[in-house]
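Chemist: Right, I'll just put the structure down here and ask away after.
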Amino acid sequence: MDALPSILKGSLFCLGLLFSVSSSAQSDLWSLNLNANRLYIDQDVDERPEFPGGKKEMATFIDDNLVYPLKAREQIIEGIVKVAFTIDPDGSIQDPEIIESLGFGCDEEAMHLIRIMPNWEPGVKNRSKVSTRLVLSVNFSLE
């Protein structure tokens with residue numbers, strides 16, 4: 001029975017990662033969907049924020065650190081939690097908030113994941129680092 005959480009943890013797929021970003025000066029968005037490989041870039045931001053090591057490292061970070069909540073496993077709850085947060089010019093993560101809830105402990109786990117993330121490379125506009133708002137969709141799947 002002790003192996004069950006490890007099996008479930010290892011089976012989590014971070015395929016539902018979706019980022020939406022806007023500079024603090026603009027409401028235009030760019031988004032990245034790792035499943036569909038679609039990228040929409042806000043032309044007002046010269047460089048988008050990046051997780052240290054890029055998309056693959058972020059997927060590894062999520063896979064290594066996300067723990068499927070017991071309450072959600074028991075109720076066979078699957079779905080997506082969307083968490084909005086800001087990457088400040090120093091790369092730190094600020095103001096995380098749930099914007100799409102799943103419940104059953106999944107919201108808290110998604111927030112925990114955001115809070116333990118390392119600093120990002122911030123967005124850049126006109127050669128200056130800028131605050132950028134992101135939305136991360138965290139996929140909870142029991143497959």
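In the structure tokens, chains take the letters A, B, ... in the order shown, each chain's residues start at 1, and ligands count up from 1 in the order shown.
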Segment 72-89 of chain A: which residues within 6 Å, counting only C-alpha atoms, same-chain residues fewer than 2 positions away excluded, as an mmCIF file with N, CA and C atoms, in the first residue's frame?
Modeler:
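Output below, filename part.cif:
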data_model
loop_
_atom_site.group_PDB
_atom_site.id
_atom_site.type_symbol
_atom_site.label_atom_id
_atom_site.label_comp_id
_atom_site.auth_asym_id
_atom_site.auth_seq_id
_atom_site.Cartn_x
_atom_site.Cartn_y
_atom_site.Cartn_z
ATOM 1 N N PRO A 69 -3.586 14.430 -4.161
ATOM 2 C CA PRO A 69 -4.220 14.431 -2.836
ATOM 3 C C PRO A 69 -5.014 13.144 -2.582
ATOM 4 N N LEU A 70 -4.906 12.625 -1.372
ATOM 5 C CA LEU A 70 -5.598 11.398 -0.990
ATOM 6 C C LEU A 70 -7.101 11.521 -1.190
ATOM 7 N N GLY A 91 12.427 37.763 -10.872
ATOM 8 C CA GLY A 91 12.169 36.346 -11.127
ATOM 9 C C GLY A 91 11.358 35.652 -10.056
ATOM 10 N N SER A 92 11.073 36.357 -8.967
ATOM 11 C CA SER A 92 10.314 35.737 -7.885
ATOM 12 C C SER A 92 8.833 35.612 -8.253
ATOM 13 N N ILE A 93 8.178 34.663 -7.623
ATOM 14 C CA ILE A 93 6.758 34.397 -7.861
ATOM 15 C C ILE A 93 5.950 35.119 -6.789
ATOM 16 N N GLN A 94 4.967 35.889 -7.236
ATOM 17 C CA GLN A 94 4.144 36.679 -6.324
ATOM 18 C C GLN A 94 2.661 36.460 -6.604
ATOM 19 N N ASP A 95 1.847 36.675 -5.613
ATOM 20 C CA ASP A 95 0.386 36.745 -5.725
ATOM 21 C C ASP A 95 -0.271 35.535 -6.391
ATOM 22 N N PRO A 96 0.074 34.311 -5.987
ATOM 23 C CA PRO A 96 -0.616 33.163 -6.597
ATOM 24 C C PRO A 96 -2.073 33.115 -6.150
ATOM 25 N N GLU A 97 -2.953 32.765 -7.087
ATOM 26 C CA GLU A 97 -4.370 32.622 -6.760
ATOM 27 C C GLU A 97 -5.007 31.587 -7.675
ATOM 28 N N ILE A 98 -5.937 30.828 -7.116
ATOM 29 C CA ILE A 98 -6.685 29.840 -7.891
ATOM 30 C C ILE A 98 -7.723 30.585 -8.718
ATOM 31 N N ILE A 99 -7.714 30.354 -10.032
ATOM 32 C CA ILE A 99 -8.731 30.979 -10.870
ATOM 33 C C ILE A 99 -9.689 29.942 -11.452
ATOM 34 N N GLU A 100 -9.324 28.667 -11.361
ATOM 35 C CA GLU A 100 -10.243 27.584 -11.726
ATOM 36 C C GLU A 100 -9.987 26.430 -10.765
ATOM 37 N N SER A 101 -11.001 26.115 -9.971
ATOM 38 C CA SER A 101 -10.877 25.170 -8.870
ATOM 39 C C SER A 101 -11.313 23.762 -9.262
ATOM 40 N N LEU A 102 -10.694 22.776 -8.621
ATOM 41 C CA LEU A 102 -11.096 21.383 -8.762
ATOM 42 C C LEU A 102 -11.565 20.814 -7.423
ATOM 43 N N PHE A 104 -11.177 18.963 -3.551
ATOM 44 C CA PHE A 104 -10.687 17.680 -3.054
ATOM 45 C C PHE A 104 -9.188 17.699 -2.754
ATOM 46 N N PRO A 122 12.722 36.405 -15.723
ATOM 47 C CA PRO A 122 11.569 37.287 -15.936
ATOM 48 C C PRO A 122 11.367 37.652 -17.408
ATOM 49 N N LYS A 129 13.606 44.189 -17.531
ATOM 50 C CA LYS A 129 12.834 43.099 -16.943
ATOM 51 C C LYS A 129 11.512 43.669 -16.441
ATOM 52 N N VAL A 130 10.419 42.956 -16.725
ATOM 53 C CA VAL A 130 9.093 43.450 -16.355
ATOM 54 C C VAL A 130 8.312 42.380 -15.602
ATOM 55 N N SER A 131 7.364 42.820 -14.775
ATOM 56 C CA SER A 131 6.435 41.905 -14.117
ATOM 57 C C SER A 131 5.508 41.325 -15.167
ATOM 58 N N THR A 132 5.249 40.032 -15.059
ATOM 59 C CA THR A 132 4.423 39.337 -16.041
ATOM 60 C C THR A 132 3.504 38.381 -15.314
ATOM 61 N N ARG A 133 2.239 38.387 -15.700
ATOM 62 C CA ARG A 133 1.230 37.510 -15.096
ATOM 63 C C ARG A 133 1.150 36.221 -15.909
ATOM 64 N N LEU A 134 1.156 35.086 -15.217
ATOM 65 C CA LEU A 134 1.058 33.769 -15.843
ATOM 66 C C LEU A 134 -0.157 33.034 -15.302
ATOM 67 N N VAL A 135 -0.671 32.110 -16.098
ATOM 68 C CA VAL A 135 -1.680 31.167 -15.632
ATOM 69 C C VAL A 135 -1.159 29.779 -15.943
ATOM 70 N N LEU A 136 -1.007 28.971 -14.914
ATOM 71 C CA LEU A 136 -0.547 27.598 -15.061
ATOM 72 C C LEU A 136 -1.717 26.665 -14.831
ATOM 73 N N SER A 137 -1.988 25.804 -15.791
ATOM 74 C CA SER A 137 -3.023 24.781 -15.644
ATOM 75 C C SER A 137 -2.339 23.493 -15.198
ATOM 76 N N VAL A 138 -2.676 23.027 -14.011
ATOM 77 C CA VAL A 138 -2.082 21.816 -13.443
ATOM 78 C C VAL A 138 -3.069 20.679 -13.645
ATOM 79 N N ASN A 139 -2.645 19.665 -14.381
ATOM 80 C CA ASN A 139 -3.487 18.530 -14.737
ATOM 81 C C ASN A 139 -3.376 17.430 -13.683
ATOM 82 N N PHE A 140 -4.490 17.050 -13.094
ATOM 83 C CA PHE A 140 -4.554 15.929 -12.160
ATOM 84 C C PHE A 140 -5.204 14.756 -12.892
ATOM 85 N N SER A 141 -4.421 13.713 -13.132
ATOM 86 C CA SER A 141 -4.913 12.547 -13.868
ATOM 87 C C SER A 141 -4.444 11.268 -13.192
#
Chemist: Could you jot down the atom CA of Phe51 of chain A to atom CA of Glu121 of chain A separation for me, Å, one decimal place?
Modeler: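 We find that atom CA of Phe51 of chain A and atom CA of Glu121 of chain A lie 6.4 Å from each other.
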Chemist: If you measure from atom CA of Glu108 of chain A to atom CA of Thr60 of chain A, what distance in Å do you get, rounded to one decimal?
Modeler: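 The value is 19.7 Å.
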Chemist: Per DSSP on the backbone, filter segment 58-140 of chain A down to the residues in strand (DSSP E or B) and report them as JSON, numbers by chain.
Modeler: {"A": [79, 80, 81, 82, 83, 84, 85, 86, 87, 93, 94, 95, 96, 97, 98, 99, 100, 121, 123, 124, 125, 128, 129, 130, 132, 133, 134, 135, 136, 137, 138, 139, 140]}
